[in-house]
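Printed here is coords.txt (compact mmCIF, C-alpha atoms):
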# COMPACT_ATOMS: atom_id res chain seq x y z
CA MET A 1 0.00 0.00 0.00
CA ASP A 2 1.29 3.42 -0.90
CA PRO A 3 2.17 5.31 2.32
CA SER A 4 1.13 8.55 0.73
CA THR A 5 -2.48 7.39 0.60
CA LEU A 6 -2.53 6.97 4.40
CA SER A 7 -1.80 10.65 4.98
CA SER A 8 -4.10 12.00 2.31
CA PRO A 9 -6.91 14.23 3.69
CA LEU A 10 -10.44 12.89 3.91
CA PRO A 11 -12.81 14.08 1.22
CA ARG A 12 -14.62 17.24 2.20
CA PRO A 13 -18.40 16.95 2.49
CA ARG A 14 -20.37 18.58 -0.24
CA LYS A 15 -21.97 21.93 0.47
CA GLY A 16 -25.49 20.49 0.29
CA HIS A 17 -24.63 17.86 2.88
CA VAL A 18 -23.27 20.52 5.28
CA TRP A 19 -26.46 22.57 5.05
CA GLY A 20 -28.57 19.45 5.47
CA ASP A 21 -26.73 18.57 8.70
CA ARG A 22 -27.14 22.11 9.99
CA ILE A 23 -30.86 22.16 9.28
CA PHE A 24 -31.28 18.76 10.91
CA GLY A 25 -29.36 19.91 13.98
CA VAL A 26 -31.47 23.06 14.29
CA LEU A 27 -34.73 21.09 13.97
CA VAL A 28 -33.91 18.48 16.62
CA ALA A 29 -32.46 21.13 18.95
CA GLY A 30 -35.61 23.19 18.52
CA ALA A 31 -37.78 20.17 19.33
CA GLY A 32 -35.83 19.50 22.52
CA LEU A 33 -35.88 23.15 23.61
CA PHE A 34 -39.61 23.37 22.90
CA VAL A 35 -40.30 20.49 25.30
CA ILE A 36 -38.23 22.21 27.98
CA PHE A 37 -40.10 25.46 27.27
CA LEU A 38 -43.44 23.68 27.78
CA VAL A 39 -42.39 22.46 31.21
CA PHE A 40 -41.28 25.92 32.32
CA ALA A 41 -44.40 27.51 30.78
CA ILE A 42 -46.71 25.19 32.72
CA ALA A 43 -44.78 25.76 35.94
CA SER A 44 -44.79 29.54 35.49
CA ILE A 45 -48.56 29.62 34.88
CA LEU A 46 -49.20 27.52 37.98
CA ILE A 47 -46.94 29.76 40.06
CA THR A 48 -48.67 32.88 38.80
CA GLN A 49 -52.20 31.58 39.32
CA SER A 50 -51.42 30.29 42.83
CA ARG A 51 -49.88 33.55 44.05
CA LEU A 52 -53.00 34.62 46.00
CA ALA A 53 -53.13 31.36 47.98
CA PHE A 54 -49.38 31.43 48.56
CA ASP A 55 -49.56 34.99 49.89
CA SER A 56 -52.46 34.00 52.17
CA TYR A 57 -51.08 30.71 53.54
CA GLY A 58 -47.45 30.43 52.49
CA LEU A 59 -45.83 27.07 53.16
CA ALA A 60 -48.43 26.42 55.88
CA PHE A 61 -50.66 25.27 53.03
CA LEU A 62 -48.46 22.16 52.83
CA ILE A 63 -49.26 21.16 56.41
CA GLY A 64 -52.87 22.33 56.60
CA THR A 65 -55.31 19.53 57.33
CA ARG A 66 -58.62 21.34 56.67
CA TRP A 67 -60.32 22.19 53.40
CA ASP A 68 -63.29 24.29 54.40
CA VAL A 69 -64.74 26.32 51.55
CA SER A 70 -67.34 28.11 53.69
CA HIS A 71 -64.67 29.50 56.03
CA GLU A 72 -61.99 29.86 53.34
CA VAL A 73 -59.59 27.59 55.18
CA TYR A 74 -57.50 25.52 52.81
CA GLY A 75 -54.85 22.90 53.46
CA ALA A 76 -53.31 20.34 51.11
CA VAL A 77 -52.50 17.48 53.49
CA PRO A 78 -55.71 15.43 52.85
CA PHE A 79 -55.07 15.48 49.11
CA ILE A 80 -51.34 14.84 49.34
CA ALA A 81 -52.07 11.88 51.61
CA GLY A 82 -54.72 10.55 49.25
CA THR A 83 -52.41 10.91 46.25
CA LEU A 84 -49.47 9.15 47.88
CA LEU A 85 -51.60 6.42 49.46
CA THR A 86 -53.46 5.44 46.29
CA SER A 87 -50.21 5.51 44.29
CA ALA A 88 -48.51 3.29 46.87
CA ILE A 89 -51.38 0.80 46.71
CA ALA A 90 -51.19 0.85 42.91
CA LEU A 91 -47.48 0.02 42.89
CA ALA A 92 -47.77 -2.57 45.65
CA ILE A 93 -50.38 -4.48 43.64
CA GLY A 94 -49.46 -3.60 40.06
CA PHE A 95 -45.66 -3.94 40.14
CA PRO A 96 -45.42 -7.67 40.95
CA LEU A 97 -48.23 -8.48 38.50
CA ALA A 98 -46.58 -6.45 35.74
CA ILE A 99 -43.11 -7.88 36.31
CA GLY A 100 -44.50 -11.39 36.58
CA SER A 101 -46.36 -11.06 33.30
CA ALA A 102 -43.29 -9.56 31.59
CA ILE A 103 -41.11 -12.45 32.76
CA PHE A 104 -43.74 -14.98 31.73
CA LEU A 105 -44.04 -13.52 28.24
CA THR A 106 -40.25 -13.39 27.85
CA THR A 107 -39.18 -16.76 29.23
CA GLU A 108 -42.04 -19.14 29.95
CA ALA A 109 -44.89 -18.51 27.52
CA PRO A 110 -45.08 -20.57 24.29
CA ARG A 111 -44.16 -18.58 21.20
CA TRP A 112 -47.68 -18.80 19.80
CA LEU A 113 -49.04 -17.20 22.98
CA ARG A 114 -46.52 -14.37 23.42
CA GLY A 115 -47.85 -12.14 20.65
CA PRO A 116 -51.59 -12.33 21.44
CA LEU A 117 -51.14 -12.13 25.21
CA GLY A 118 -48.69 -9.24 24.91
CA SER A 119 -51.16 -7.39 22.68
CA VAL A 120 -53.96 -7.91 25.21
CA ILE A 121 -51.82 -6.50 28.04
CA GLU A 122 -50.81 -3.50 25.95
CA LEU A 123 -54.45 -2.99 24.97
CA LEU A 124 -55.21 -2.21 28.62
CA ALA A 125 -53.21 1.01 28.20
CA ALA A 126 -55.52 2.14 25.40
CA ILE A 127 -58.70 1.91 27.47
CA PRO A 128 -59.87 5.42 28.47
CA SER A 129 -59.61 6.18 32.18
CA VAL A 130 -63.31 7.05 32.35
CA VAL A 131 -64.10 3.47 31.29
CA TYR A 132 -61.94 2.17 34.14
CA GLY A 133 -63.78 4.52 36.47
CA PHE A 134 -67.18 3.37 35.23
CA TRP A 135 -66.18 -0.28 35.69
CA GLY A 136 -64.81 0.46 39.14
CA LEU A 137 -67.93 2.38 40.19
CA TYR A 138 -70.55 -0.13 39.03
CA PHE A 139 -68.76 -3.47 39.28
CA LEU A 140 -65.59 -3.41 41.39
CA GLY A 141 -66.98 -1.04 44.01
CA PRO A 142 -70.10 -3.10 44.84
CA TYR A 143 -68.04 -6.31 44.82
CA MET A 144 -65.51 -4.76 47.20
CA ARG A 145 -68.31 -3.53 49.48
CA THR A 146 -70.17 -6.83 49.71
CA THR A 147 -67.39 -9.41 49.48
CA VAL A 148 -63.76 -8.31 49.71
CA GLU A 149 -63.85 -5.54 52.30
CA PRO A 150 -65.95 -7.46 54.86
CA ILE A 151 -63.44 -10.31 54.67
CA LEU A 152 -60.51 -7.92 55.06
CA ALA A 153 -62.22 -6.16 57.98
CA LYS A 154 -62.89 -9.46 59.73
CA SER A 155 -59.40 -10.91 59.27
CA LEU A 156 -57.18 -7.80 59.30
CA GLY A 157 -59.33 -5.15 60.97
CA TRP A 158 -57.15 -5.36 64.09
CA THR A 159 -54.31 -3.73 62.17
CA GLY A 160 -56.25 -0.49 61.75
CA ALA A 161 -55.54 -0.42 58.01
CA PHE A 162 -58.84 -2.18 57.24
CA SER A 163 -61.09 -0.64 59.85
CA GLY A 164 -64.29 1.29 59.29
CA ALA A 165 -67.42 0.76 57.26
CA ALA A 166 -67.13 -0.96 53.90
CA THR A 167 -68.38 1.42 51.21
CA GLY A 168 -66.72 0.21 48.02
CA THR A 169 -65.88 3.81 47.05
CA ASP A 170 -62.75 4.39 49.04
CA VAL A 171 -58.97 4.60 48.92
CA LEU A 172 -58.54 0.84 48.50
CA THR A 173 -60.84 0.61 45.49
CA ALA A 174 -59.17 3.62 43.87
CA GLY A 175 -55.76 2.06 44.47
CA ILE A 176 -56.83 -1.21 42.85
CA ILE A 177 -58.15 0.66 39.80
CA LEU A 178 -54.84 2.51 39.54
CA ALA A 179 -52.96 -0.79 39.84
CA ILE A 180 -54.85 -2.15 36.85
CA MET A 181 -54.06 1.02 34.92
CA VAL A 182 -50.29 0.97 35.59
CA ILE A 183 -49.82 -2.73 34.80
CA PRO A 184 -49.66 -2.36 30.98
CA THR A 185 -47.13 0.48 31.17
CA ILE A 186 -44.76 -1.36 33.49
CA ALA A 187 -45.28 -4.74 31.80
CA ALA A 188 -44.76 -3.54 28.22
CA ILE A 189 -41.52 -1.68 28.91
CA SER A 190 -40.17 -4.39 31.22
CA ARG A 191 -40.95 -7.03 28.62
CA GLU A 192 -38.98 -5.18 25.94
CA THR A 193 -36.09 -4.66 28.34
CA LEU A 194 -35.99 -8.32 29.35
CA ALA A 195 -36.21 -9.40 25.72
CA ALA A 196 -33.11 -7.28 24.99
CA VAL A 197 -30.95 -9.34 27.35
CA PRO A 198 -28.26 -11.06 25.19
CA VAL A 199 -29.00 -14.71 24.49
CA ALA A 200 -25.39 -15.57 25.33
CA GLN A 201 -25.87 -14.29 28.86
CA ARG A 202 -28.86 -16.53 29.44
CA GLU A 203 -27.17 -19.52 27.81
CA ALA A 204 -24.09 -19.02 29.97
CA ALA A 205 -26.20 -19.23 33.11
CA ILE A 206 -28.00 -22.32 31.81
CA SER A 207 -24.66 -23.98 30.98
CA LEU A 208 -23.63 -23.56 34.60
CA GLY A 209 -26.68 -25.53 35.69
CA ALA A 210 -28.95 -22.63 36.65
CA THR A 211 -32.68 -23.22 36.82
CA ASN A 212 -35.19 -20.98 35.06
CA TRP A 213 -35.70 -19.05 38.29
CA GLU A 214 -31.95 -18.61 38.77
CA VAL A 215 -31.46 -17.52 35.15
CA THR A 216 -34.16 -14.90 35.58
CA ARG A 217 -32.90 -13.71 38.96
CA THR A 218 -29.16 -13.65 38.27
CA ALA A 219 -28.81 -13.10 34.52
CA MET A 220 -31.88 -11.31 33.21
CA VAL A 221 -33.29 -9.03 35.90
CA PRO A 222 -29.92 -7.49 36.89
CA TYR A 223 -29.18 -6.73 33.24
CA ALA A 224 -32.59 -5.17 32.69
CA ARG A 225 -32.94 -3.41 36.06
CA SER A 226 -32.51 0.11 34.67
CA GLY A 227 -35.32 -0.44 32.17
CA ILE A 228 -37.57 -2.03 34.80
CA PHE A 229 -36.86 0.86 37.15
CA GLY A 230 -37.73 3.38 34.45
CA ALA A 231 -40.95 1.53 33.66
CA THR A 232 -41.91 1.60 37.32
CA ILE A 233 -41.35 5.36 37.51
CA LEU A 234 -43.53 5.86 34.42
CA GLY A 235 -46.25 3.76 36.03
CA LEU A 236 -45.94 5.77 39.24
CA GLY A 237 -46.23 8.99 37.25
CA ARG A 238 -49.51 7.82 35.77
CA ALA A 239 -50.81 6.81 39.18
CA LEU A 240 -49.92 10.19 40.68
CA GLY A 241 -51.70 12.15 37.97
CA GLU A 242 -54.69 9.94 37.14
CA THR A 243 -57.94 11.87 37.44
CA MET A 244 -61.23 10.44 36.19
CA ALA A 245 -60.95 6.84 37.37
CA VAL A 246 -59.89 7.97 40.84
CA THR A 247 -62.56 10.66 41.01
CA MET A 248 -65.26 8.07 40.31
CA THR A 249 -64.07 5.51 42.88
CA ILE A 250 -62.40 7.27 45.83
CA GLY A 251 -65.50 8.86 47.40
CA ASN A 252 -64.33 12.50 47.12
CA HIS A 253 -64.24 13.34 50.83
CA ASP A 254 -62.02 16.25 51.91
CA ALA A 255 -60.34 14.51 54.84
CA ILE A 256 -57.17 12.63 55.63
CA PRO A 257 -57.73 8.87 55.13
CA THR A 258 -57.50 7.01 58.42
CA SER A 259 -57.72 3.54 56.85
CA LEU A 260 -57.90 1.94 53.44
CA PHE A 261 -61.70 1.92 53.77
CA SER A 262 -61.79 5.71 54.20
CA GLN A 263 -63.13 7.94 51.48
CA GLY A 264 -60.76 10.66 50.37
CA GLN A 265 -59.45 12.69 47.49
CA THR A 266 -56.28 13.02 45.51
CA ILE A 267 -54.91 16.28 44.17
CA ALA A 268 -56.03 15.31 40.68
CA SER A 269 -59.58 14.51 41.80
CA LEU A 270 -59.71 17.78 43.75
CA ILE A 271 -58.88 19.71 40.59
CA ALA A 272 -61.48 17.79 38.59
CA ASN A 273 -64.21 18.28 41.19
CA GLU A 274 -63.73 21.88 42.26
CA LEU A 275 -61.77 23.87 39.70
CA THR A 276 -64.75 24.81 37.54
CA ASN A 277 -67.03 25.25 40.57
CA SER A 278 -64.77 27.40 42.72
CA SER A 279 -66.68 29.93 44.80
CA GLY A 280 -64.08 32.68 44.71
CA PRO A 281 -60.58 33.70 43.70
CA LEU A 282 -58.99 32.34 46.89
CA GLN A 283 -60.42 28.85 46.40
CA TYR A 284 -59.41 28.89 42.75
CA SER A 285 -55.89 29.94 43.69
CA ALA A 286 -55.72 27.25 46.37
CA ILE A 287 -56.66 24.59 43.82
CA ILE A 288 -53.93 25.81 41.47
CA TYR A 289 -51.53 25.79 44.43
CA ALA A 290 -52.42 22.13 44.94
CA ALA A 291 -51.74 21.49 41.25
CA LEU A 292 -48.32 23.09 41.67
CA ILE A 293 -47.66 20.74 44.59
CA LEU A 294 -48.60 17.76 42.40
CA LEU A 295 -46.13 18.94 39.77
CA ALA A 296 -43.46 19.28 42.46
CA ILE A 297 -44.21 15.79 43.82
CA SER A 298 -43.86 14.28 40.33
CA LEU A 299 -40.58 16.13 39.81
CA LEU A 300 -39.20 15.06 43.18
CA VAL A 301 -40.18 11.43 42.59
CA ASN A 302 -38.40 11.39 39.23
CA VAL A 303 -35.28 13.10 40.57
CA ALA A 304 -35.13 10.78 43.59
CA ALA A 305 -35.61 7.76 41.35
CA ARG A 306 -32.79 8.84 39.03
CA LEU A 307 -30.46 9.43 41.98
CA LEU A 308 -31.34 6.07 43.51
CA LEU A 309 -30.84 4.28 40.19
CA TRP A 310 -27.50 6.05 39.64
CA ARG A 311 -26.30 5.02 43.08
CA VAL A 312 -27.37 1.38 42.65
CA LEU A 313 -25.78 1.11 39.21
CA ARG A 314 -22.57 2.75 40.40
CA VAL A 315 -22.27 0.25 43.25
CA THR A 316 -23.00 -2.73 40.98
CA GLY A 317 -20.97 -1.44 38.04
CA GLY A 318 -23.97 -1.00 35.72
CA THR A 319 -24.95 1.85 33.47
CA THR A 320 -27.96 4.08 33.15
CA GLU A 321 -27.77 4.19 29.38

Go through the file and emit its structure as structure tokens.
Amino acid sequence: MDPSTLSSPLPRPRKGHVWGDRIFGVLVAGAGLFVIFLVFAIASILITQSRLAFDSYGLAFLIGTRWDVSHEVYGAVPFIAGTLLTSAIALAIGFPLAIGSAIFLTTEAPRWLRGPLGSVIELLAAIPSVVYGFWGLYFLGPYMRTTVEPILAKSLGWTGAFSGAATGTDVLTAGIILAIMVIPTIAAISRETLAAVPVAQREAAISLGATNWEVTRTAMVPYARSGIFGATILGLGRALGETMAVTMTIGNHDAIPTSLFSQGQTIASLIANELTNSSGPLQYSAIIYAALILLAISLLVNVAARLLLWRVLRVTGGTTE
């Protein structure tokens, strides 16, 4: 080979190609900046519209336990508690079911069943939330009131978590509805992440004599943990912000839930119920203040999740990419 060819300069890109790259770069940068602009625009509007409530209550709004429209006393604790409690119930029930279905579709299900069953699970995500709410109000709620909740009260009422009258429209029912709604999100993303595990990694574990359970636990789940974690955070985000299904099943009572049978409200259901029927500017501003708190909760959850994932992957030598 002629040494002179090794030092020859690379061909310069044609002028049309340079302009095409520049236009492409501007378009994708603009798309990214526009998304960031939307987030800041929403936050700025919420801050502006909640100024009256913030001036009246300040940070005490975050620890206020009363929401009394007639006396213009507003506190966000009942709705923060309802939001966090229903979301926790949704993850406690939905996460193991979603991960179990994702593992089943990836490793155990026959090939002829994987496609149809996966499509059915993903179809759950396309059902409108108002349909879930309608089903929860007229089917799940009565069933919970007459069958499930009396059994829970009789066997676990001593814990305090299942005390009170069984109504069927309460925090527990709303949490179960949310669990059903987050399952397809977590399952679909986890399934794709598990399917992306290299075949050689699974075969190496099998060659060492690992059982199916051990292959899943030691070779697949650790490799896919970042994707599973991200799917869980997306499911949690939907649970935190879900409106119609929760509004139709939680009972809409402005009080802190004292048990899973208590009626309550989330921040999202508060906005849906009272925003258009606010009696004055202070109540309207207080509702927007609550919406700002919901945005802050979602942001904090995502930031905390990213920090936790980064720490876990740094300890175990993984990557967040």

Would you pick out the contacts of A:Ile80 at 10 Å or less, using only C-alpha atoms, so that residues sharing its chain but fewer than 6 positions from it are not included, and give the list as a PyMOL selection string? chain A and resi 62-63+240+256+265-268+290+293-294+297

Point out the residue among A:Ala291, A:Ile36, A:Val197, A:Leu260 with the least atom-to-atom distance to A:Phe162, counting only C-alpha atoms. A:Leu260

One decimal, in Å: what's the spacing between atom CA of A:Ser259 and atom CA of A:Gly82?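 Atom CA of A:Ser259 sits 10.8 Å away from atom CA of A:Gly82.
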
Contacts of A:Ala166 at 12 Å or less, counting only C-alpha atoms, minus same-chain residues fewer than 4 places along, as a ChimeraX atom specification? /A:141-154,157,162,170-173,251,259-263

Given all atoms listed in the file as the basis, pick out the residue of A:Thr193, A:Thr243, A:Ser44, A:Asn277 nearest to A:Ala174.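 Among A:Thr193, A:Thr243, A:Ser44, A:Asn277, it is A:Thr243 that comes nearest to A:Ala174.
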
How about completing stretch 82-113 of chain A with N, CA and C atoms and giving it to me as an mmCIF file, in the coordinates of the input?
data_model
loop_
_atom_site.group_PDB
_atom_site.id
_atom_site.type_symbol
_atom_site.label_atom_id
_atom_site.label_comp_id
_atom_site.auth_asym_id
_atom_site.auth_seq_id
_atom_site.Cartn_x
_atom_site.Cartn_y
_atom_site.Cartn_z
ATOM 1 N N GLY A 82 -53.954 11.394 50.154
ATOM 2 C CA GLY A 82 -54.720 10.550 49.250
ATOM 3 C C GLY A 82 -53.948 10.201 47.990
ATOM 4 N N THR A 83 -53.210 11.158 47.445
ATOM 5 C CA THR A 83 -52.410 10.910 46.250
ATOM 6 C C THR A 83 -51.325 9.877 46.503
ATOM 7 N N LEU A 84 -50.573 10.068 47.578
ATOM 8 C CA LEU A 84 -49.470 9.150 47.880
ATOM 9 C C LEU A 84 -49.982 7.769 48.274
ATOM 10 N N LEU A 85 -51.089 7.713 49.007
ATOM 11 C CA LEU A 85 -51.600 6.420 49.460
ATOM 12 C C LEU A 85 -52.138 5.599 48.296
ATOM 13 N N THR A 86 -52.935 6.201 47.434
ATOM 14 C CA THR A 86 -53.460 5.440 46.290
ATOM 15 C C THR A 86 -52.343 5.026 45.337
ATOM 16 N N SER A 87 -51.336 5.871 45.166
ATOM 17 C CA SER A 87 -50.210 5.510 44.290
ATOM 18 C C SER A 87 -49.404 4.370 44.888
ATOM 19 N N ALA A 88 -49.236 4.385 46.216
ATOM 20 C CA ALA A 88 -48.510 3.290 46.870
ATOM 21 C C ALA A 88 -49.260 1.970 46.724
ATOM 22 N N ILE A 89 -50.581 2.013 46.894
ATOM 23 C CA ILE A 89 -51.380 0.800 46.710
ATOM 24 C C ILE A 89 -51.264 0.299 45.276
ATOM 25 N N ALA A 90 -51.286 1.229 44.314
ATOM 26 C CA ALA A 90 -51.190 0.850 42.910
ATOM 27 C C ALA A 90 -49.882 0.142 42.613
ATOM 28 N N LEU A 91 -48.773 0.662 43.136
ATOM 29 C CA LEU A 91 -47.480 0.020 42.890
ATOM 30 C C LEU A 91 -47.356 -1.303 43.644
ATOM 31 N N ALA A 92 -47.867 -1.338 44.868
ATOM 32 C CA ALA A 92 -47.770 -2.570 45.650
ATOM 33 C C ALA A 92 -48.503 -3.722 44.981
ATOM 34 N N ILE A 93 -49.610 -3.434 44.324
ATOM 35 C CA ILE A 93 -50.380 -4.480 43.640
ATOM 36 C C ILE A 93 -49.938 -4.650 42.195
ATOM 37 N N GLY A 94 -49.730 -3.536 41.496
ATOM 38 C CA GLY A 94 -49.460 -3.600 40.060
ATOM 39 C C GLY A 94 -48.055 -4.017 39.705
ATOM 40 N N PHE A 95 -47.051 -3.626 40.503
ATOM 41 C CA PHE A 95 -45.660 -3.940 40.140
ATOM 42 C C PHE A 95 -45.388 -5.437 40.060
ATOM 43 N N PRO A 96 -45.698 -6.235 41.091
ATOM 44 C CA PRO A 96 -45.420 -7.670 40.950
ATOM 45 C C PRO A 96 -46.204 -8.336 39.826
ATOM 46 N N LEU A 97 -47.458 -7.906 39.604
ATOM 47 C CA LEU A 97 -48.230 -8.480 38.500
ATOM 48 C C LEU A 97 -47.620 -8.119 37.153
ATOM 49 N N ALA A 98 -47.175 -6.874 37.010
ATOM 50 C CA ALA A 98 -46.580 -6.450 35.740
ATOM 51 C C ALA A 98 -45.262 -7.148 35.479
ATOM 52 N N ILE A 99 -44.399 -7.215 36.487
ATOM 53 C CA ILE A 99 -43.110 -7.880 36.310
ATOM 54 C C ILE A 99 -43.301 -9.368 36.073
ATOM 55 N N GLY A 100 -44.233 -9.968 36.792
ATOM 56 C CA GLY A 100 -44.500 -11.390 36.580
ATOM 57 C C GLY A 100 -44.981 -11.682 35.178
ATOM 58 N N SER A 101 -45.883 -10.845 34.660
ATOM 59 C CA SER A 101 -46.360 -11.060 33.300
ATOM 60 C C SER A 101 -45.268 -10.808 32.277
ATOM 61 N N ALA A 102 -44.399 -9.829 32.521
ATOM 62 C CA ALA A 102 -43.290 -9.560 31.590
ATOM 63 C C ALA A 102 -42.321 -10.735 31.552
ATOM 64 N N ILE A 103 -42.009 -11.295 32.716
ATOM 65 C CA ILE A 103 -41.110 -12.450 32.760
ATOM 66 C C ILE A 103 -41.754 -13.661 32.097
ATOM 67 N N PHE A 104 -43.049 -13.852 32.348
ATOM 68 C CA PHE A 104 -43.740 -14.980 31.730
ATOM 69 C C PHE A 104 -43.724 -14.869 30.207
ATOM 70 N N LEU A 105 -44.020 -13.697 29.685
ATOM 71 C CA LEU A 105 -44.040 -13.520 28.240
ATOM 72 C C LEU A 105 -42.652 -13.665 27.626
ATOM 73 N N THR A 106 -41.618 -13.350 28.386
ATOM 74 C CA THR A 106 -40.250 -13.390 27.850
ATOM 75 C C THR A 106 -39.643 -14.777 27.928
ATOM 76 N N THR A 107 -39.916 -15.514 28.996
ATOM 77 C CA THR A 107 -39.180 -16.760 29.230
ATOM 78 C C THR A 107 -40.035 -18.019 29.242
ATOM 79 N N GLU A 108 -41.266 -17.932 29.700
ATOM 80 C CA GLU A 108 -42.040 -19.140 29.950
ATOM 81 C C GLU A 108 -43.156 -19.391 28.944
ATOM 82 N N ALA A 109 -43.739 -18.345 28.392
ATOM 83 C CA ALA A 109 -44.890 -18.510 27.520
ATOM 84 C C ALA A 109 -44.498 -19.162 26.196
ATOM 85 N N PRO A 110 -45.344 -20.038 25.632
ATOM 86 C CA PRO A 110 -45.080 -20.570 24.290
ATOM 87 C C PRO A 110 -45.044 -19.440 23.263
ATOM 88 N N ARG A 111 -44.316 -19.642 22.202
ATOM 89 C CA ARG A 111 -44.160 -18.580 21.200
ATOM 90 C C ARG A 111 -45.496 -18.180 20.580
ATOM 91 N N TRP A 112 -46.394 -19.140 20.411
ATOM 92 C CA TRP A 112 -47.680 -18.800 19.800
ATOM 93 C C TRP A 112 -48.557 -17.959 20.716
ATOM 94 N N LEU A 113 -48.239 -17.958 22.024
ATOM 95 C CA LEU A 113 -49.040 -17.200 22.980
ATOM 96 C C LEU A 113 -48.469 -15.812 23.257
#
